[in-house]
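Since the structure comes first, as structure tokens, the remarks are kept for the end.
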Amino acid sequence: MSNAAIVDHNVPPGEPPHIHHMDTPTAYGAAKLGMWLFLATEILLFAVMFCSFAIMRYYHLHEFHEASHHLDLRAGALNTAILLFSSYTAAVAVTKAQMGDNRGVVKNFTYSLLCGFGFLIVKSYEYTHKAHEGMFPFVWNSDFYHYKNFLGLYFCMTGLHALHVIIGMAIMFWYGIRPARNNRFSGKYYTPVELSALYWHLVDLIWIYLFPLLYLVG
Amino acid sequence: MAHSHDHSHSGDGHSHGDTLGHVVPVKTFAKVLGALLVLTIITVAAAKIDMGKWNIVGAMVIASIKASLVILVFMHGKYENKIIWTYILIPFILLAIMIGGVFTDDPFRDRIQHFKVTEQAK
């Protein structure tokens with residue numbers, strides 16, 4: 001390892017990377033702490049939208065109630081179940097990595113990935129349906145102008161959430177599935193698996209609040 | 001997992017026979033998944049009953065129970081130290097301050113305006 005390298009990944013499978021000036025438990029703790037700090041900023045990003053939703057709902061309660069009934073509750077509930085299950089498989093992937101079962105990591109992250117695709121398919125079906133009804137940006141039907149407050153927030157929040165789903169899927173593939181196929185992980189080194197799973201759980205966490213707010217109580 | 005925080009080894013390939021963090025059995029995750037799905041059904045069922053403004057309170061309480069389960073078990077929050085818990089709680093505290101701040105300001109603006117107008121009329 002040269003002095004210039006801060007992190008040296010050139011190690012046998014299952015061994016933690018050599019990190020300059022840091023032992024493995026410290027590096028593991030630091031990486032996790034950094035991830036939680038990042039997740040905190042992600043929650044705050046959505047917090048601004050939740051706050052907008054709260055104040056808009058306060059002023060336009062009736063419109064919010066009516067508009068939320070135009071959303072497809074069955075599609076929303078299906079997506080909730082899909083995301084909860086995908087979160088479960090992501091959590092299982094971490095346990096598998098800790099036990100050194102790399103094939104288990106690949107299998108469970110693939111389940112999460114497929115659930116992510118399923119979620120996006122249901123979401124795009126909902127969006128297309130809304131476009132047909134004239135409740136979509138650029139194709140607003142003038143009958144639904146009073147729903148713009150609610151639906152605008154709906155598209156912003158679910159759109160940003162869907163973007164996170166796509167990013168989460170890319171992370172799980174790149175940092176989870178790809179190295180696991182090379183038997184990279186063991187009880188001594190599984191940080192990327194845990195951090196990818198943490199990101200995916202955040203996606204689930206946000207949806208847990210979005211679903212009742214948008215689809216149920218409006 | 002007392003050994004997981006043992007820093008005496010330099011981490012250069014010593015075999016502890018132990019993992020870095022806490023290992024949660026798959027069975028526990030399955031139970032939590034079951035609880036989360038049941039809670040989802042309860043939320044949907046509760047929304048069908050008209051309880052006025054209590055609908056949103058109930059929905060948010062159930063959502064928070066679900067969120068706590070995800071953080072504590074799925075995200076291993078139960079086994080994390082105080083520094084990480086600070087990071088977990090800070091965004092929620094900031095969100096509460098933000099929503100609290102907006103609601104103690106915006107809805108009362110009309111009243112302040114009304115107060116100013118009546119003051120000027122005197």
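Ligands are numbered from 1 in the order shown, chains are lettered A, B, ... in the order of the structure tokens, and residues start at 1 in each chain.
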Contact residues (chain B, partner chain A, 6 Å, only C-alpha atoms) as a list in words: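 Filtering chain B at 6 Å from chain A with only C-alpha atoms gives Ser10, Gly11, Thr19, Val23, Val26, Ala47, Ile56, Ala63, Ala67, Phe74, Met75, Ile84, Tyr87, Pro91, Leu95 and Ile99 of chain B.
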Just the selected residues (C-alpha atoms), exported as a PDB file, in the first residue's frame, please.
```
ATOM      1  CA  SER B  10      -5.806  -3.074  14.575  1.00  0.00           C
ATOM      2  CA  GLY B  11      -8.195  -4.678  12.123  1.00  0.00           C
ATOM      3  CA  THR B  19     -19.072  -9.516  12.936  1.00  0.00           C
ATOM      4  CA  VAL B  23     -26.611  -9.633  13.519  1.00  0.00           C
ATOM      5  CA  VAL B  26     -34.109 -13.168   9.526  1.00  0.00           C
ATOM      6  CA  ALA B  47     -59.429   6.070   6.971  1.00  0.00           C
ATOM      7  CA  ILE B  56     -55.123  12.631  10.167  1.00  0.00           C
ATOM      8  CA  ALA B  63     -47.311   5.936  10.268  1.00  0.00           C
ATOM      9  CA  ALA B  67     -41.466   4.349  10.856  1.00  0.00           C
ATOM     10  CA  PHE B  74     -34.691  -2.893   9.687  1.00  0.00           C
ATOM     11  CA  MET B  75     -32.142  -0.093  10.024  1.00  0.00           C
ATOM     12  CA  ILE B  84     -26.024   8.028  15.522  1.00  0.00           C
ATOM     13  CA  TYR B  87     -28.432  12.142  13.767  1.00  0.00           C
ATOM     14  CA  PRO B  91     -34.205  15.943  11.293  1.00  0.00           C
ATOM     15  CA  LEU B  95     -39.243  19.243  11.018  1.00  0.00           C
ATOM     16  CA  ILE B  99     -44.048  23.051  10.986  1.00  0.00           C
TER      17      ILE B  99
END
```
Spatial neighbours of Leu72 in chain B, 12 Å, only C-alpha atoms, chain gap at least 5 places, as an MDAnalysis selection string: (chainID A and resid 91 198 201 205) or (chainID B and resid 24 28:29 32 64:67 77:80 85 88)
Take the residues from that selection and put them in a file with all heavy atoms, as a CSV table (one decimal), in the first residue's frame.
```csv
chain,number,residue,atom,x,y,z
A,91,ALA,N,-33.2,-5.7,4.3
A,91,ALA,CA,-32.7,-6.0,5.7
A,91,ALA,C,-32.1,-7.4,5.8
A,91,ALA,O,-31.0,-7.6,6.4
A,91,ALA,CB,-33.8,-5.8,6.7
A,198,LEU,N,-29.6,0.8,4.1
A,198,LEU,CA,-30.0,2.0,4.9
A,198,LEU,C,-30.7,3.0,3.9
A,198,LEU,O,-31.8,3.5,4.2
A,198,LEU,CB,-28.9,2.7,5.6
A,198,LEU,CG,-28.4,2.1,6.9
A,198,LEU,CD1,-27.3,2.9,7.5
A,198,LEU,CD2,-29.6,2.1,7.9
A,201,HIS,N,-34.1,1.7,2.9
A,201,HIS,CA,-35.0,1.8,4.0
A,201,HIS,C,-35.6,3.2,4.1
A,201,HIS,O,-36.7,3.5,4.5
A,201,HIS,CB,-34.4,1.4,5.4
A,201,HIS,CG,-34.1,0.0,5.5
A,201,HIS,ND1,-34.9,-1.0,5.1
A,201,HIS,CD2,-32.9,-0.6,5.9
A,201,HIS,CE1,-34.3,-2.2,5.2
A,201,HIS,NE2,-33.1,-2.0,5.7
A,205,LEU,N,-39.2,4.5,4.3
A,205,LEU,CA,-39.6,5.4,5.4
A,205,LEU,C,-40.5,6.6,4.9
A,205,LEU,O,-41.5,6.9,5.5
A,205,LEU,CB,-38.4,5.9,6.1
A,205,LEU,CG,-38.5,6.3,7.6
A,205,LEU,CD1,-38.8,5.1,8.4
A,205,LEU,CD2,-37.1,6.8,8.0
B,24,VAL,N,-29.0,-9.4,13.2
B,24,VAL,CA,-30.4,-9.6,13.5
B,24,VAL,C,-30.9,-10.8,12.7
B,24,VAL,O,-30.7,-10.9,11.5
B,24,VAL,CB,-31.3,-8.3,13.1
B,24,VAL,CG1,-32.7,-8.5,13.4
B,24,VAL,CG2,-30.7,-7.1,13.8
B,28,THR,N,-36.7,-12.3,12.9
B,28,THR,CA,-37.2,-11.0,13.5
B,28,THR,C,-37.6,-10.1,12.4
B,28,THR,O,-38.7,-9.4,12.5
B,28,THR,CB,-36.0,-10.3,14.2
B,28,THR,OG1,-35.4,-11.3,15.0
B,28,THR,CG2,-36.4,-9.2,15.0
B,29,PHE,N,-36.9,-10.0,11.2
B,29,PHE,CA,-37.3,-9.2,10.1
B,29,PHE,C,-38.7,-9.6,9.6
B,29,PHE,O,-39.5,-8.7,9.3
B,29,PHE,CB,-36.2,-9.2,9.0
B,29,PHE,CG,-35.0,-8.5,9.3
B,29,PHE,CD1,-33.7,-9.1,9.0
B,29,PHE,CD2,-35.0,-7.3,10.0
B,29,PHE,CE1,-32.6,-8.4,9.3
B,29,PHE,CE2,-33.8,-6.6,10.3
B,29,PHE,CZ,-32.6,-7.2,9.9
B,32,VAL,N,-41.4,-8.3,11.8
B,32,VAL,CA,-41.6,-6.9,11.6
B,32,VAL,C,-42.3,-6.6,10.3
B,32,VAL,O,-43.3,-5.8,10.3
B,32,VAL,CB,-40.3,-6.1,11.7
B,32,VAL,CG1,-40.4,-4.7,11.3
B,32,VAL,CG2,-39.7,-6.2,13.1
B,64,SER,N,-46.1,6.7,12.3
B,64,SER,CA,-45.0,6.9,13.1
B,64,SER,C,-44.6,5.6,13.8
B,64,SER,O,-43.4,5.3,14.0
B,64,SER,CB,-45.2,8.0,14.1
B,64,SER,OG,-45.4,9.2,13.5
B,65,ILE,N,-45.6,4.8,14.1
B,65,ILE,CA,-45.3,3.5,14.7
B,65,ILE,C,-44.5,2.6,13.6
B,65,ILE,O,-43.5,2.0,13.9
B,65,ILE,CB,-46.6,2.7,15.1
B,65,ILE,CG1,-47.2,3.5,16.3
B,65,ILE,CG2,-46.2,1.3,15.6
B,65,ILE,CD1,-48.6,3.0,16.6
B,66,LYS,N,-45.0,2.7,12.4
B,66,LYS,CA,-44.4,1.9,11.3
B,66,LYS,C,-43.0,2.4,11.1
B,66,LYS,O,-42.0,1.6,10.9
B,66,LYS,CB,-45.2,2.1,10.0
B,66,LYS,CG,-46.5,1.3,10.0
B,66,LYS,CD,-47.4,1.7,8.9
B,66,LYS,CE,-46.9,1.2,7.5
B,66,LYS,NZ,-47.8,1.6,6.4
B,67,ALA,N,-42.8,3.8,11.1
B,67,ALA,CA,-41.5,4.3,10.9
B,67,ALA,C,-40.5,3.9,12.0
B,67,ALA,O,-39.3,3.6,11.7
B,67,ALA,CB,-41.6,5.9,10.8
B,77,GLY,N,-31.4,0.4,14.2
B,77,GLY,CA,-31.4,1.5,15.1
B,77,GLY,C,-31.2,1.1,16.6
B,77,GLY,O,-30.6,1.8,17.4
B,78,LYS,N,-31.9,0.0,16.9
B,78,LYS,CA,-31.8,-0.5,18.3
B,78,LYS,C,-30.4,-0.7,18.8
B,78,LYS,O,-30.2,-0.7,20.0
B,78,LYS,CB,-32.5,-1.9,18.3
B,78,LYS,CG,-33.5,-2.2,19.4
B,78,LYS,CD,-34.3,-3.4,19.0
B,78,LYS,CE,-34.4,-4.4,20.2
B,78,LYS,NZ,-35.1,-5.6,19.8
B,79,TYR,N,-29.5,-1.0,17.9
B,79,TYR,CA,-28.1,-1.3,18.4
B,79,TYR,C,-27.1,-0.2,18.1
B,79,TYR,O,-25.9,-0.4,18.3
B,79,TYR,CB,-27.7,-2.6,17.6
B,79,TYR,CG,-28.7,-3.7,17.7
B,79,TYR,CD1,-29.5,-3.9,16.6
B,79,TYR,CD2,-28.9,-4.4,18.8
B,79,TYR,CE1,-30.5,-4.9,16.6
B,79,TYR,CE2,-29.9,-5.4,18.9
B,79,TYR,CZ,-30.7,-5.6,17.7
B,79,TYR,OH,-31.7,-6.5,17.8
B,80,GLU,N,-27.6,1.0,17.7
B,80,GLU,CA,-26.7,2.1,17.4
B,80,GLU,C,-26.4,2.9,18.7
B,80,GLU,O,-27.1,2.9,19.7
B,80,GLU,CB,-27.3,3.0,16.3
B,80,GLU,CG,-27.6,2.3,15.0
B,80,GLU,CD,-26.3,1.7,14.4
B,80,GLU,OE1,-25.3,1.7,15.0
B,80,GLU,OE2,-26.5,1.1,13.3
B,85,TRP,N,-27.9,8.1,17.1
B,85,TRP,CA,-29.2,8.5,17.5
B,85,TRP,C,-29.5,10.0,17.5
B,85,TRP,O,-30.6,10.4,17.2
B,85,TRP,CB,-29.6,7.9,18.9
B,85,TRP,CG,-30.2,6.6,18.7
B,85,TRP,CD1,-29.7,5.4,18.9
B,85,TRP,CD2,-31.6,6.4,18.3
B,85,TRP,NE1,-30.6,4.4,18.6
B,85,TRP,CE2,-31.7,5.0,18.2
B,85,TRP,CE3,-32.6,7.2,17.9
B,85,TRP,CZ2,-32.9,4.4,17.8
B,85,TRP,CZ3,-33.8,6.7,17.5
B,85,TRP,CH2,-34.0,5.3,17.4
B,88,ILE,N,-30.3,10.6,14.0
B,88,ILE,CA,-31.6,10.1,13.6
B,88,ILE,C,-32.7,11.1,14.1
B,88,ILE,O,-33.6,11.4,13.4
B,88,ILE,CB,-31.9,8.7,14.3
B,88,ILE,CG1,-30.9,7.6,13.8
B,88,ILE,CG2,-33.3,8.2,14.0
B,88,ILE,CD1,-31.0,6.3,14.5
```
